[in-house]
$ cat upload-v3.txt   # compact mmCIF, C-alpha atoms and all ligand atoms
# COMPACT_ATOMS: atom_id res chain seq x y z
CA MET F 297 -8.47 -24.22 14.02
CA ARG F 298 -10.92 -26.75 12.68
CA THR F 299 -12.25 -24.36 10.07
CA TYR F 300 -8.71 -23.65 8.98
CA ASN F 301 -7.98 -27.38 8.53
CA THR F 302 -11.19 -27.99 6.63
CA LEU F 303 -10.34 -25.19 4.28
CA ILE F 304 -6.86 -26.54 3.68
CA VAL F 305 -8.12 -30.05 2.96
CA LEU F 306 -10.73 -28.78 0.52
CA LEU F 307 -8.38 -26.46 -1.26
CA LEU F 308 -5.56 -29.01 -1.39
CA LEU F 309 -8.00 -31.38 -3.02
CA SER F 310 -8.69 -28.69 -5.59
CA VAL F 311 -5.00 -28.23 -6.23
CA THR F 312 -4.53 -31.94 -6.86
CA ILE F 313 -7.46 -32.11 -9.25
CA ALA F 314 -6.63 -28.97 -11.17
CA CYS F 315 -3.84 -29.09 -13.67
CA THR F 316 -1.64 -26.11 -14.40
CA PRO F 317 -2.55 -24.66 -17.80
CA GLU F 318 0.13 -24.26 -20.43
CA PRO F 319 1.18 -20.69 -21.29
CA GLU F 320 -1.03 -20.61 -24.43
CA GLU F 321 -4.07 -21.71 -22.47
CA ARG F 322 -3.25 -19.16 -19.79
CA LYS F 323 -3.41 -16.43 -22.40
CA GLY F 324 -6.92 -17.56 -23.33
CA ILE F 325 -8.17 -17.27 -19.76
CA PHE F 326 -7.60 -13.52 -19.87
CA GLN F 327 -9.92 -13.03 -22.83
CA PHE F 328 -13.07 -11.91 -21.13
CA ASP F 329 -15.77 -12.36 -23.79
CA ASP F 330 -19.29 -11.14 -23.08
CA LEU F 331 -21.35 -14.24 -22.23
CA ASN F 332 -24.66 -12.36 -22.01
CA ARG F 333 -25.36 -13.45 -18.46
CA ASN F 334 -27.13 -11.32 -15.91
CA ILE F 335 -24.91 -9.86 -13.23
CA PRO F 336 -25.93 -8.95 -9.69
CA ALA F 337 -26.02 -5.22 -8.89
CA PHE F 338 -23.04 -3.90 -6.92
CA ASN F 339 -24.11 -1.20 -4.50
CA GLY F 340 -21.77 1.81 -4.39
CA ASP F 341 -23.68 3.30 -1.44
CA SER F 342 -23.16 0.18 0.69
CA SER F 343 -19.54 0.22 -0.29
CA TYR F 344 -19.30 3.87 0.77
CA ALA F 345 -20.85 2.94 4.13
CA ASN F 346 -18.09 0.34 4.47
CA VAL F 347 -15.52 3.13 4.11
CA LEU F 348 -17.21 5.22 6.81
CA LYS F 349 -17.43 2.22 9.13
CA GLN F 350 -13.66 1.68 8.89
CA LEU F 351 -12.98 5.39 9.50
CA GLU F 352 -15.11 5.25 12.66
CA PHE F 353 -12.56 2.92 14.21
CA GLY F 354 -9.85 5.53 13.66
CA PRO F 355 -6.57 4.83 11.85
CA ARG F 356 -6.07 1.04 11.59
CA VAL F 357 -2.39 1.15 12.50
CA PRO F 358 -0.87 -2.22 13.47
CA GLY F 359 -0.37 -2.44 17.22
CA THR F 360 -3.28 -0.13 18.14
CA PRO F 361 -6.69 -0.95 19.69
CA ALA F 362 -8.38 0.44 16.56
CA HIS F 363 -6.51 -2.10 14.46
CA ALA F 364 -7.60 -4.96 16.71
CA ALA F 365 -11.23 -3.79 16.74
CA THR F 366 -11.30 -3.46 12.96
CA ARG F 367 -9.94 -6.97 12.61
CA ASP F 368 -12.86 -8.27 14.68
CA PHE F 369 -15.31 -6.26 12.61
CA PHE F 370 -13.97 -7.77 9.37
CA LEU F 371 -14.10 -11.29 10.79
CA ASN F 372 -17.67 -10.87 11.99
CA THR F 373 -18.81 -9.27 8.74
CA LEU F 374 -17.14 -11.84 6.51
CA ARG F 375 -18.28 -14.80 8.61
CA ALA F 376 -21.85 -13.55 8.37
CA ARG F 377 -21.48 -13.47 4.59
CA ALA F 378 -19.16 -16.37 3.67
CA GLY F 379 -20.03 -18.66 6.57
CA GLN F 380 -18.05 -19.64 9.63
CA ARG F 381 -16.04 -22.36 7.87
CA SER F 382 -14.87 -20.19 5.00
CA VAL F 383 -13.17 -17.33 6.83
CA PHE F 384 -9.87 -17.50 8.61
CA THR F 385 -6.96 -15.30 9.64
CA GLN F 386 -3.25 -15.67 9.14
CA ASP F 387 -1.78 -14.11 12.28
CA PHE F 388 1.87 -13.13 12.45
CA THR F 389 4.25 -10.97 14.46
CA LYS F 390 6.95 -8.62 13.18
CA ILE F 391 9.33 -6.31 14.98
CA ILE F 392 9.62 -3.12 12.95
CA TYR F 393 11.43 0.02 14.15
CA GLY F 394 11.62 -1.61 17.58
CA ASP F 395 7.84 -2.10 17.83
CA THR F 396 6.43 -5.60 18.17
CA LEU F 397 3.41 -5.73 15.90
CA GLN F 398 0.66 -8.35 15.84
CA MET F 399 -0.79 -8.46 12.37
CA SER F 400 -3.37 -10.53 10.52
CA ASN F 401 -4.21 -11.29 6.94
CA ILE F 402 -7.92 -12.07 6.66
CA ILE F 403 -9.17 -14.52 4.06
CA ALA F 404 -12.72 -15.36 2.96
CA ALA F 405 -13.37 -18.12 0.42
CA PHE F 406 -16.55 -18.34 -1.68
CA ASN F 407 -17.60 -21.40 -3.68
CA LEU F 408 -15.10 -23.41 -1.71
CA GLU F 409 -15.64 -26.60 -3.71
CA ALA F 410 -14.48 -25.05 -7.00
CA SER F 411 -10.97 -26.03 -8.07
CA ASP F 412 -10.89 -23.15 -10.55
CA ARG F 413 -10.36 -19.96 -8.52
CA ILE F 414 -9.42 -16.29 -8.64
CA PHE F 415 -8.54 -13.94 -5.80
CA LEU F 416 -9.23 -10.29 -5.06
CA CYS F 417 -7.18 -8.41 -2.49
CA ALA F 418 -6.64 -5.06 -0.78
CA HIS F 419 -4.64 -3.84 2.21
CA TRP F 420 -6.59 -3.04 5.37
CA ASP F 421 -3.94 -1.37 7.55
CA THR F 422 -3.48 2.39 7.76
CA ARG F 423 -0.24 4.28 7.33
CA PRO F 424 1.10 5.29 10.77
CA ARG F 425 2.42 8.67 9.61
CA ALA F 426 1.21 11.44 7.33
CA ASP F 427 4.67 12.00 5.91
CA ARG F 428 3.37 13.98 2.92
CA ASP F 429 1.15 16.33 4.90
CA PRO F 430 1.71 20.04 4.15
CA ASP F 431 1.55 20.70 7.92
CA ILE F 432 4.91 19.42 9.13
CA THR F 433 3.73 19.40 12.76
CA ARG F 434 1.23 16.64 11.92
CA ARG F 435 3.46 14.36 9.89
CA ASN F 436 3.96 11.89 12.72
CA ASP F 437 0.22 11.33 13.16
CA PRO F 438 -1.49 8.47 11.34
CA ILE F 439 -3.65 9.22 8.30
CA PRO F 440 -7.39 8.47 8.15
CA GLY F 441 -6.73 6.22 5.14
CA ALA F 442 -10.15 6.56 3.51
CA ASP F 443 -8.79 5.90 0.04
CA ASP F 444 -5.42 4.39 0.97
CA GLY F 445 -6.66 1.21 2.56
CA ALA F 446 -10.34 1.56 3.38
CA SER F 447 -11.62 1.97 -0.21
CA GLY F 448 -10.31 -1.37 -1.51
CA VAL F 449 -11.60 -3.23 1.53
CA ALA F 450 -14.95 -1.44 1.25
CA VAL F 451 -15.37 -2.80 -2.28
CA LEU F 452 -14.42 -6.30 -1.15
CA LEU F 453 -16.88 -6.27 1.77
CA GLU F 454 -19.73 -5.36 -0.59
CA MET F 455 -18.43 -8.02 -2.97
CA ALA F 456 -18.68 -10.51 -0.11
CA ARG F 457 -22.39 -9.70 0.22
CA ILE F 458 -22.90 -10.28 -3.51
CA LEU F 459 -20.90 -13.51 -3.55
CA ALA F 460 -22.92 -14.80 -0.58
CA GLU F 461 -26.25 -14.03 -2.23
CA ASN F 462 -25.25 -15.06 -5.76
CA PRO F 463 -23.06 -18.16 -5.91
CA PRO F 464 -20.27 -17.33 -8.40
CA PRO F 465 -19.44 -19.62 -11.35
CA ILE F 466 -15.81 -19.82 -10.15
CA GLY F 467 -14.16 -19.95 -6.73
CA VAL F 468 -13.46 -16.46 -5.40
CA ASP F 469 -11.12 -15.74 -2.49
CA LEU F 470 -11.00 -12.34 -0.83
CA VAL F 471 -7.71 -11.54 0.89
CA LEU F 472 -7.24 -8.52 3.16
CA PHE F 473 -3.53 -7.92 3.62
CA ASP F 474 -2.17 -6.30 6.75
CA GLY F 475 0.96 -4.15 7.07
CA GLU F 476 1.16 -2.82 3.53
CA ASP F 477 1.92 0.76 4.49
CA TYR F 478 4.08 0.51 7.63
CA GLY F 479 7.49 1.37 6.16
CA ARG F 480 9.05 4.79 6.20
CA GLU F 481 9.64 6.24 2.77
CA GLY F 482 12.56 4.44 1.19
CA ASP F 483 12.37 1.45 3.60
CA LEU F 484 10.78 -0.84 1.04
CA GLN F 485 11.58 -3.92 3.14
CA TYR F 486 9.09 -2.74 5.79
CA TYR F 487 6.20 -2.37 3.35
CA PHE F 488 3.93 -5.23 2.14
CA LEU F 489 4.34 -7.16 5.40
CA GLY F 490 1.08 -9.08 5.06
CA ALA F 491 1.55 -9.92 1.40
CA ARG F 492 5.06 -11.17 2.17
CA GLU F 493 3.77 -13.35 5.00
CA TRP F 494 1.02 -14.77 2.77
CA ALA F 495 3.45 -15.47 -0.08
CA GLU F 496 6.26 -16.90 2.04
CA ASN F 497 4.01 -19.05 4.24
CA PRO F 498 1.00 -19.79 2.05
CA PRO F 499 -1.96 -20.68 4.29
CA VAL F 500 -2.99 -23.14 1.59
CA PRO F 501 0.14 -24.82 0.19
CA GLY F 502 0.10 -25.13 -3.59
CA TYR F 503 -2.65 -22.51 -4.00
CA ARG F 504 -2.88 -21.75 -7.74
CA PRO F 505 -5.72 -19.40 -8.62
CA ARG F 506 -6.03 -18.27 -12.26
CA PHE F 507 -5.12 -14.73 -11.30
CA GLY F 508 -5.37 -12.00 -8.69
CA ILE F 509 -6.58 -8.40 -8.72
CA LEU F 510 -5.34 -5.92 -6.12
CA LEU F 511 -7.44 -2.84 -5.32
CA ASP F 512 -5.56 0.11 -3.81
CA MET F 513 -6.89 3.67 -3.71
CA VAL F 514 -10.05 2.88 -5.66
CA GLY F 515 -12.51 5.28 -4.05
CA ALA F 516 -11.66 8.88 -4.94
CA ARG F 517 -14.01 11.10 -6.91
CA ASP F 518 -12.99 11.21 -10.60
CA ALA F 519 -10.11 8.81 -9.99
CA ILE F 520 -8.28 7.66 -13.12
CA PHE F 521 -6.71 4.24 -13.49
CA PRO F 522 -3.88 4.02 -16.03
CA LYS F 523 -2.31 0.60 -16.64
CA GLU F 524 0.22 0.21 -13.83
CA GLN F 525 3.62 -0.84 -15.18
CA TYR F 526 4.50 -3.77 -12.91
CA SER F 527 1.09 -5.24 -13.67
CA LEU F 528 1.87 -4.89 -17.38
CA SER F 529 5.23 -6.58 -17.06
CA TYR F 530 3.93 -9.53 -15.02
CA ALA F 531 0.50 -10.01 -16.60
CA ARG F 532 -0.09 -7.83 -19.64
CA ALA F 533 -2.89 -10.00 -21.05
CA LEU F 534 -4.78 -9.79 -17.77
CA VAL F 535 -4.41 -5.99 -17.60
CA ASP F 536 -5.60 -5.63 -21.19
CA GLY F 537 -8.52 -7.99 -20.54
CA VAL F 538 -9.70 -6.12 -17.45
CA TRP F 539 -9.32 -2.69 -19.08
CA GLU F 540 -11.28 -3.91 -22.13
CA VAL F 541 -14.11 -5.03 -19.87
CA ALA F 542 -14.08 -1.62 -18.17
CA SER F 543 -14.29 0.10 -21.53
CA ASP F 544 -17.04 -2.27 -22.80
CA ILE F 545 -19.31 -1.35 -19.92
CA GLY F 546 -18.75 2.38 -20.23
CA TYR F 547 -15.73 3.30 -18.14
CA GLY F 548 -13.14 3.77 -20.88
CA ASN F 549 -12.48 7.37 -19.80
CA ARG F 550 -11.66 6.22 -16.25
CA PHE F 551 -9.65 3.17 -17.36
CA PRO F 552 -7.67 4.72 -20.22
CA ASP F 553 -5.50 2.57 -22.44
CA ILE F 554 -2.33 4.34 -21.33
CA ARG F 555 0.82 3.11 -19.65
CA GLY F 556 0.93 4.42 -16.11
CA ALA F 557 3.68 4.45 -13.51
CA ALA F 558 5.56 1.53 -11.92
CA ILE F 559 4.16 1.27 -8.39
CA SER F 560 5.58 -1.09 -5.77
CA ASP F 561 2.65 -2.67 -3.99
CA ASP F 562 1.39 -6.02 -2.66
CA HIS F 563 0.90 -7.41 -6.19
CA VAL F 564 4.66 -7.30 -6.89
CA VAL F 565 5.28 -9.60 -3.92
CA VAL F 566 2.61 -12.06 -5.10
CA ASN F 567 3.99 -12.12 -8.65
CA GLU F 568 7.61 -12.45 -7.52
CA LYS F 569 7.22 -15.00 -4.77
CA LEU F 570 4.27 -17.10 -5.98
CA GLY F 571 4.19 -16.50 -9.73
CA ILE F 572 0.42 -15.90 -9.62
CA PRO F 573 -0.46 -13.30 -12.29
CA THR F 574 -1.71 -10.40 -10.17
CA ILE F 575 -2.45 -6.84 -11.25
CA ASN F 576 -2.99 -3.58 -9.41
CA ILE F 577 -5.94 -1.26 -9.98
CA ILE F 578 -4.65 1.95 -8.42
CA HIS F 579 -5.52 5.62 -8.86
CA HIS F 580 -2.47 7.51 -10.13
CA ASN F 581 -1.20 9.73 -12.90
CA GLN F 582 1.44 9.17 -15.51
CA GLY F 583 4.87 10.30 -14.45
CA SER F 584 7.56 9.14 -12.12
CA GLY F 585 8.37 9.09 -8.43
CA ASN F 586 5.83 10.21 -5.84
CA SER F 587 4.38 12.88 -8.12
CA VAL F 588 2.17 10.18 -9.67
CA PHE F 589 -0.01 10.06 -6.56
CA PRO F 590 -2.94 12.36 -5.83
CA GLU F 591 -2.42 15.34 -3.49
CA TYR F 592 -4.23 13.77 -0.53
CA TRP F 593 -1.92 10.71 -0.63
CA HIS F 594 -0.25 10.10 2.77
CA THR F 595 -1.82 13.26 4.22
CA HIS F 596 -4.68 13.93 6.63
CA ALA F 597 -6.79 14.90 3.63
CA ASP F 598 -7.19 11.21 2.77
CA ASN F 599 -10.59 11.28 4.52
CA ALA F 600 -14.24 10.63 3.67
CA ASP F 601 -14.56 13.95 1.79
CA ILE F 602 -12.59 12.67 -1.19
CA ILE F 603 -14.48 9.38 -1.50
CA SER F 604 -17.25 8.88 -4.03
CA GLU F 605 -19.99 6.24 -4.12
CA GLU F 606 -19.81 6.42 -7.89
CA THR F 607 -16.13 5.44 -8.10
CA LEU F 608 -16.58 2.57 -5.64
CA GLY F 609 -19.63 1.45 -7.60
CA MET F 610 -17.70 1.52 -10.85
CA ILE F 611 -14.92 -0.70 -9.46
CA GLY F 612 -17.49 -3.14 -8.08
CA HIS F 613 -19.41 -3.15 -11.37
CA ILE F 614 -16.26 -4.08 -13.32
CA LEU F 615 -15.45 -6.90 -10.90
CA THR F 616 -18.98 -8.33 -10.90
CA GLU F 617 -19.04 -8.13 -14.70
CA ILE F 618 -15.80 -10.15 -14.85
CA ILE F 619 -16.83 -12.73 -12.27
CA TYR F 620 -20.42 -13.32 -13.38
CA ASN F 621 -20.36 -12.58 -17.12
CA ARG F 622 -16.84 -12.91 -18.48
CA ILE F 623 -15.29 -16.02 -17.00
CA ARG F 624 -15.82 -19.33 -18.79
ZN ZN F 701 -0.07 4.25 1.18
$ encode --input "upload-v3.txt" --output "structure tokens" --more "lines below"
Ligand SMILES: [Zn+2]
Amino acid sequence: MRTYNTLIVLLLLSVTIACTPEPEERKGIFQFDDLNRNIPAFNGDSSYANVLKQLEFGPRVPGTPAHAATRDFFLNTLRARAGQRSVFTQDFTKIIYGDTLQMSNIIAAFNLEASDRIFLCAHWDTRPRADRDPDITRRNDPIPGADDGASGVAVLLEMARILAENPPPIGVDLVLFDGEDYGREGDLQYYFLGAREWAENPPVPGYRPRFGILLDMVGARDAIFPKEQYSLSYARALVDGVWEVASDIGYGNRFPDIRGAAISDDHVVVNEKLGIPTINIIHHNQGSGNSVFPEYWHTHADNADIISEETLGMIGHILTEIIYNRIR
């Protein structure tokens, strides 16, 4: 509890000191010019190991022992990297489909003293049912969630190592959301449970980072990342800025300048409820409906076989480039 209070006091102080930029200034903060600074190397192999480690626990479905064990693993890992005082959980309970679920958002803050902050997020829970699996007898079993869940977290855990070893020029908060993927298809109110909790009961009242970046399904081999439509409508300048950085450092073919699909995800909740410009980096194709997602999506094929060190490394490279070389 004490760590939690310390964090709140420090961050509240930051909120009081910082002033909210005017819209014109806000536009400027999404221009990520090359500042010719050295950036620390993001390790795709370590990130891949972070995927495997999560899969070893089994599906991280809220309410299961695997979920509880994974929560402990994240807390221990992040505390070792960010320090005891800078990591805390936001625990909450929801009753969904008659099940009482204990869930936790997990937050790690780096460069705690900085008033100027950004946040990076991913969901850590696993979908409880493989409702898209070709084998209809296995559709009620939970998916492994290697890409859908574990990949984004795997990037953030490796990022935590980098942030610990290389103090960033801006405050960086990592947020692992729980309960993103619990709802049955069509039950949108039972998705994004952790993001909703975080937005409706902010652990740090008045929290105003410059922006947020959500990572979801960022680990598949040859994954392509079109510009997701909700991200464009809430924060076009940020999307364009991030995609330009990706192209500058050689990933233009993987981050094409094309308008993708509109995908409901945790970032929509953050934009709607908190007004923090937050975008989604998510592997999908152009199109509409569920056909935009890759074939393994919400099936048992979402396992380690489809994950690539290279893709994880690319995502981490783009983020380290932004944090260490593009932010004034
Ligand atoms: Zn999903």
$ closest_residue --input "upload-v3.txt" --among "F:Glu481, F:Glu605, F:Asp421, F:Glu617" --to "Pro438 in chain F" --atoms "all atoms listed in the file"
F:Asp421
$ closest_residue --input "upload-v3.txt" --among "F:Leu608, F:Ile439, F:Leu452, F:Ile325" --to "Arg413 in chain F" --atoms "only C-alpha atoms"
F:Ile325
$ residues_near_point --input "upload-v3.txt" --point "(-8.2, 1.7, -20.9)" --cutoff "12 Å" --atoms "only C-alpha atoms" --output "PDB file with C-alpha atoms, keeping the file's coordinate frame"
ATOM      1  CA  ILE F 520      -8.280   7.660 -13.120  1.00  0.00           C
ATOM      2  CA  PHE F 521      -6.710   4.240 -13.490  1.00  0.00           C
ATOM      3  CA  PRO F 522      -3.880   4.020 -16.030  1.00  0.00           C
ATOM      4  CA  LYS F 523      -2.310   0.600 -16.640  1.00  0.00           C
ATOM      5  CA  GLU F 524       0.220   0.210 -13.830  1.00  0.00           C
ATOM      6  CA  VAL F 535      -4.410  -5.990 -17.600  1.00  0.00           C
ATOM      7  CA  ASP F 536      -5.600  -5.630 -21.190  1.00  0.00           C
ATOM      8  CA  GLY F 537      -8.520  -7.990 -20.540  1.00  0.00           C
ATOM      9  CA  VAL F 538      -9.700  -6.120 -17.450  1.00  0.00           C
ATOM     10  CA  TRP F 539      -9.320  -2.690 -19.080  1.00  0.00           C
ATOM     11  CA  GLU F 540     -11.280  -3.910 -22.130  1.00  0.00           C
ATOM     12  CA  VAL F 541     -14.110  -5.030 -19.870  1.00  0.00           C
ATOM     13  CA  ALA F 542     -14.080  -1.620 -18.170  1.00  0.00           C
ATOM     14  CA  SER F 543     -14.290   0.100 -21.530  1.00  0.00           C
ATOM     15  CA  ASP F 544     -17.040  -2.270 -22.800  1.00  0.00           C
ATOM     16  CA  ILE F 545     -19.310  -1.350 -19.920  1.00  0.00           C
ATOM     17  CA  GLY F 546     -18.750   2.380 -20.230  1.00  0.00           C
ATOM     18  CA  TYR F 547     -15.730   3.300 -18.140  1.00  0.00           C
ATOM     19  CA  GLY F 548     -13.140   3.770 -20.880  1.00  0.00           C
ATOM     20  CA  ASN F 549     -12.480   7.370 -19.800  1.00  0.00           C
ATOM     21  CA  ARG F 550     -11.660   6.220 -16.250  1.00  0.00           C
ATOM     22  CA  PHE F 551      -9.650   3.170 -17.360  1.00  0.00           C
ATOM     23  CA  PRO F 552      -7.670   4.720 -20.220  1.00  0.00           C
ATOM     24  CA  ASP F 553      -5.500   2.570 -22.440  1.00  0.00           C
ATOM     25  CA  ILE F 554      -2.330   4.340 -21.330  1.00  0.00           C
ATOM     26  CA  ARG F 555       0.820   3.110 -19.650  1.00  0.00           C
ATOM     27  CA  GLY F 556       0.930   4.420 -16.110  1.00  0.00           C
ATOM     28  CA  ILE F 577      -5.940  -1.260  -9.980  1.00  0.00           C
TER      29      ILE F 577
END
$ closest_residue --input "upload-v3.txt" --among "F:Ile335, F:Ala364, F:Arg492, F:Gly571" --to "Glu461 in chain F" --atoms "only C-alpha atoms"
F:Ile335
$ closest_atom_pairs --input "upload-v3.txt" --of "chain F" --to "ligand ZN 701 (chain F)" --cutoff "9 Å" --atoms "all atoms listed in the file" --output "CSV"
residue,atom,partner,partner_atom,distance
F:Thr422,CA,F:ZN701,ZN,7.6
F:Arg423,CA,F:ZN701,ZN,6.2
F:Gly441,CA,F:ZN701,ZN,8.0
F:Asp443,CA,F:ZN701,ZN,8.9
F:Asp444,CA,F:ZN701,ZN,5.4
F:Gly445,CA,F:ZN701,ZN,7.4
F:Glu476,CA,F:ZN701,ZN,7.6
F:Asp477,CA,F:ZN701,ZN,5.2
F:Tyr478,CA,F:ZN701,ZN,8.5
F:Asp512,CA,F:ZN701,ZN,8.5
F:Met513,CA,F:ZN701,ZN,8.4
F:Trp593,CA,F:ZN701,ZN,7.0
F:His594,CA,F:ZN701,ZN,6.1
$ write_last_selection --input "upload-v3.txt" --atoms "C-alpha atoms" --output "JSON list (two decimals), in the frame of the given file"
[["chain", "number", "residue", "atom", "x", "y", "z"],
["F", 422, "THR", "CA", -3.48, 2.39, 7.76],
["F", 423, "ARG", "CA", -0.24, 4.28, 7.33],
["F", 441, "GLY", "CA", -6.73, 6.22, 5.14],
["F", 443, "ASP", "CA", -8.79, 5.90, 0.04],
["F", 444, "ASP", "CA", -5.42, 4.39, 0.97],
["F", 445, "GLY", "CA", -6.66, 1.21, 2.56],
["F", 476, "GLU", "CA", 1.16, -2.82, 3.53],
["F", 477, "ASP", "CA", 1.92, 0.76, 4.49],
["F", 478, "TYR", "CA", 4.08, 0.51, 7.63],
["F", 512, "ASP", "CA", -5.56, 0.11, -3.81],
["F", 513, "MET", "CA", -6.89, 3.67, -3.71],
["F", 593, "TRP", "CA", -1.92, 10.71, -0.63],
["F", 594, "HIS", "CA", -0.25, 10.10, 2.77]]
$ atom_distance --input "upload-v3.txt" --atom1 "CA of Ala533 in chain F" --atom2 "CA of Tyr487 in chain F"
27.1 Å
$ closest_residue --input "upload-v3.txt" --among "F:Ala491, F:Ala376, F:Ala531, F:Ala426" --to "Ala597 in chain F" --atoms "only C-alpha atoms"
F:Ala426
$ atom_distance --input "upload-v3.txt" --atom1 "CA of Pro336 in chain F" --atom2 "CA of Tyr503 in chain F"
27.5 Å
$ closest_atom_pairs --input "upload-v3.txt" --of "range 496-560 of chain F" --to "range 387-399 of chain F" --cutoff "12 Å" --atoms "only C-alpha atoms" --output "tab-separated table"
residue	atom	partner	partner_atom	distance
F:Glu496	CA	F:Phe388	CA	11.9
F:Asn497	CA	F:Phe388	CA	10.3
F:Pro499	CA	F:Asp387	CA	10.3
$ atom_distance --input "upload-v3.txt" --atom1 "CA of Phe589 in chain F" --atom2 "CA of Arg428 in chain F"
10.8 Å
$ residues_near_point --input "upload-v3.txt" --point "(-16.0, -11.2, -14.9)" --cutoff "10 Å" --atoms "only C-alpha atoms" --output "list in words"
Phe328, Asp329, Asp330, Leu331, Ile335, Pro464, Pro465, Ile466, Gly537, Val538, Val541, His613, Ile614, Leu615, Thr616, Glu617, Ile618, Ile619, Tyr620, Asn621, Arg622, Ile623 and Arg624 of chain F
$ closest_residue --input "upload-v3.txt" --among "F:Gln525, F:Gln327, F:Thr595, F:Asn586" --to "His563 in chain F" --atoms "all atoms listed in the file"
F:Gln525
$ closest_residue --input "upload-v3.txt" --among "F:Asp518, F:Leu453, F:Pro430, F:Ile458" --to "Tyr592 in chain F" --atoms "only C-alpha atoms"
F:Pro430
$ axis_aligned_box --input "upload-v3.txt" --around "range 476-488 of chain F" --padding-each-side "5 Å" --output "lines of an AutoDock Vina configuration file"
center_x = 6.9
center_y = 0.5
center_z = 4.3
size_x = 21.4
size_y = 21.5
size_z = 16.6
$ decode --input "upload-v3.txt" --residues "range 590-606 of chain F" --atoms "N, CA and C atoms" --output "PDB file, in the first residue's frame"
ATOM      1  N   PRO F 590      -5.917 -12.544 -38.786  1.00  0.00           N
ATOM      2  CA  PRO F 590      -5.238 -13.710 -39.342  1.00  0.00           C
ATOM      3  C   PRO F 590      -5.957 -15.014 -38.999  1.00  0.00           C
ATOM      4  N   GLU F 591      -5.634 -16.088 -39.726  1.00  0.00           N
ATOM      5  CA  GLU F 591      -6.368 -17.353 -39.585  1.00  0.00           C
ATOM      6  C   GLU F 591      -6.273 -17.978 -38.196  1.00  0.00           C
ATOM      7  N   TYR F 592      -5.133 -17.757 -37.532  1.00  0.00           N
ATOM      8  CA  TYR F 592      -4.942 -18.379 -36.209  1.00  0.00           C
ATOM      9  C   TYR F 592      -5.715 -17.658 -35.106  1.00  0.00           C
ATOM     10  N   TRP F 593      -6.276 -16.496 -35.431  1.00  0.00           N
ATOM     11  CA  TRP F 593      -6.943 -15.646 -34.425  1.00  0.00           C
ATOM     12  C   TRP F 593      -8.097 -16.388 -33.745  1.00  0.00           C
ATOM     13  N   HIS F 594      -8.067 -16.429 -32.426  1.00  0.00           N
ATOM     14  CA  HIS F 594      -9.085 -17.086 -31.593  1.00  0.00           C
ATOM     15  C   HIS F 594      -9.233 -18.569 -31.922  1.00  0.00           C
ATOM     16  N   THR F 595      -8.094 -19.181 -32.285  1.00  0.00           N
ATOM     17  CA  THR F 595      -8.037 -20.642 -32.470  1.00  0.00           C
ATOM     18  C   THR F 595      -6.864 -21.199 -31.665  1.00  0.00           C
ATOM     19  N   HIS F 596      -6.779 -22.523 -31.626  1.00  0.00           N
ATOM     20  CA  HIS F 596      -5.666 -23.170 -30.918  1.00  0.00           C
ATOM     21  C   HIS F 596      -4.347 -23.034 -31.664  1.00  0.00           C
ATOM     22  N   ALA F 597      -4.426 -22.538 -32.896  1.00  0.00           N
ATOM     23  CA  ALA F 597      -3.187 -22.324 -33.660  1.00  0.00           C
ATOM     24  C   ALA F 597      -2.457 -21.047 -33.238  1.00  0.00           C
ATOM     25  N   ASP F 598      -3.045 -20.275 -32.357  1.00  0.00           N
ATOM     26  CA  ASP F 598      -2.348 -19.083 -31.843  1.00  0.00           C
ATOM     27  C   ASP F 598      -1.336 -19.546 -30.789  1.00  0.00           C
ATOM     28  N   ASN F 599      -0.297 -20.251 -31.255  1.00  0.00           N
ATOM     29  CA  ASN F 599       0.704 -20.829 -30.349  1.00  0.00           C
ATOM     30  C   ASN F 599       2.111 -20.371 -30.757  1.00  0.00           C
ATOM     31  N   ALA F 600       3.112 -20.900 -30.108  1.00  0.00           N
ATOM     32  CA  ALA F 600       4.487 -20.408 -30.311  1.00  0.00           C
ATOM     33  C   ALA F 600       4.953 -20.545 -31.760  1.00  0.00           C
ATOM     34  N   ASP F 601       4.365 -21.496 -32.505  1.00  0.00           N
ATOM     35  CA  ASP F 601       4.830 -21.735 -33.886  1.00  0.00           C
ATOM     36  C   ASP F 601       4.682 -20.512 -34.796  1.00  0.00           C
ATOM     37  N   ILE F 602       3.723 -19.685 -34.510  1.00  0.00           N
ATOM     38  CA  ILE F 602       3.477 -18.540 -35.409  1.00  0.00           C
ATOM     39  C   ILE F 602       4.264 -17.295 -34.999  1.00  0.00           C
ATOM     40  N   ILE F 603       4.963 -17.376 -33.879  1.00  0.00           N
ATOM     41  CA  ILE F 603       5.656 -16.188 -33.347  1.00  0.00           C
ATOM     42  C   ILE F 603       7.072 -16.098 -33.910  1.00  0.00           C
ATOM     43  N   SER F 604       7.498 -14.877 -34.181  1.00  0.00           N
ATOM     44  CA  SER F 604       8.835 -14.667 -34.727  1.00  0.00           C
ATOM     45  C   SER F 604       9.610 -13.645 -33.893  1.00  0.00           C
ATOM     46  N   GLU F 605      10.870 -14.000 -33.599  1.00  0.00           N
ATOM     47  CA  GLU F 605      11.759 -13.084 -32.870  1.00  0.00           C
ATOM     48  C   GLU F 605      11.909 -11.789 -33.645  1.00  0.00           C
ATOM     49  N   GLU F 606      11.919 -11.926 -34.965  1.00  0.00           N
ATOM     50  CA  GLU F 606      12.175 -10.772 -35.831  1.00  0.00           C
ATOM     51  C   GLU F 606      11.046  -9.747 -35.709  1.00  0.00           C
TER      52      GLU F 606
END
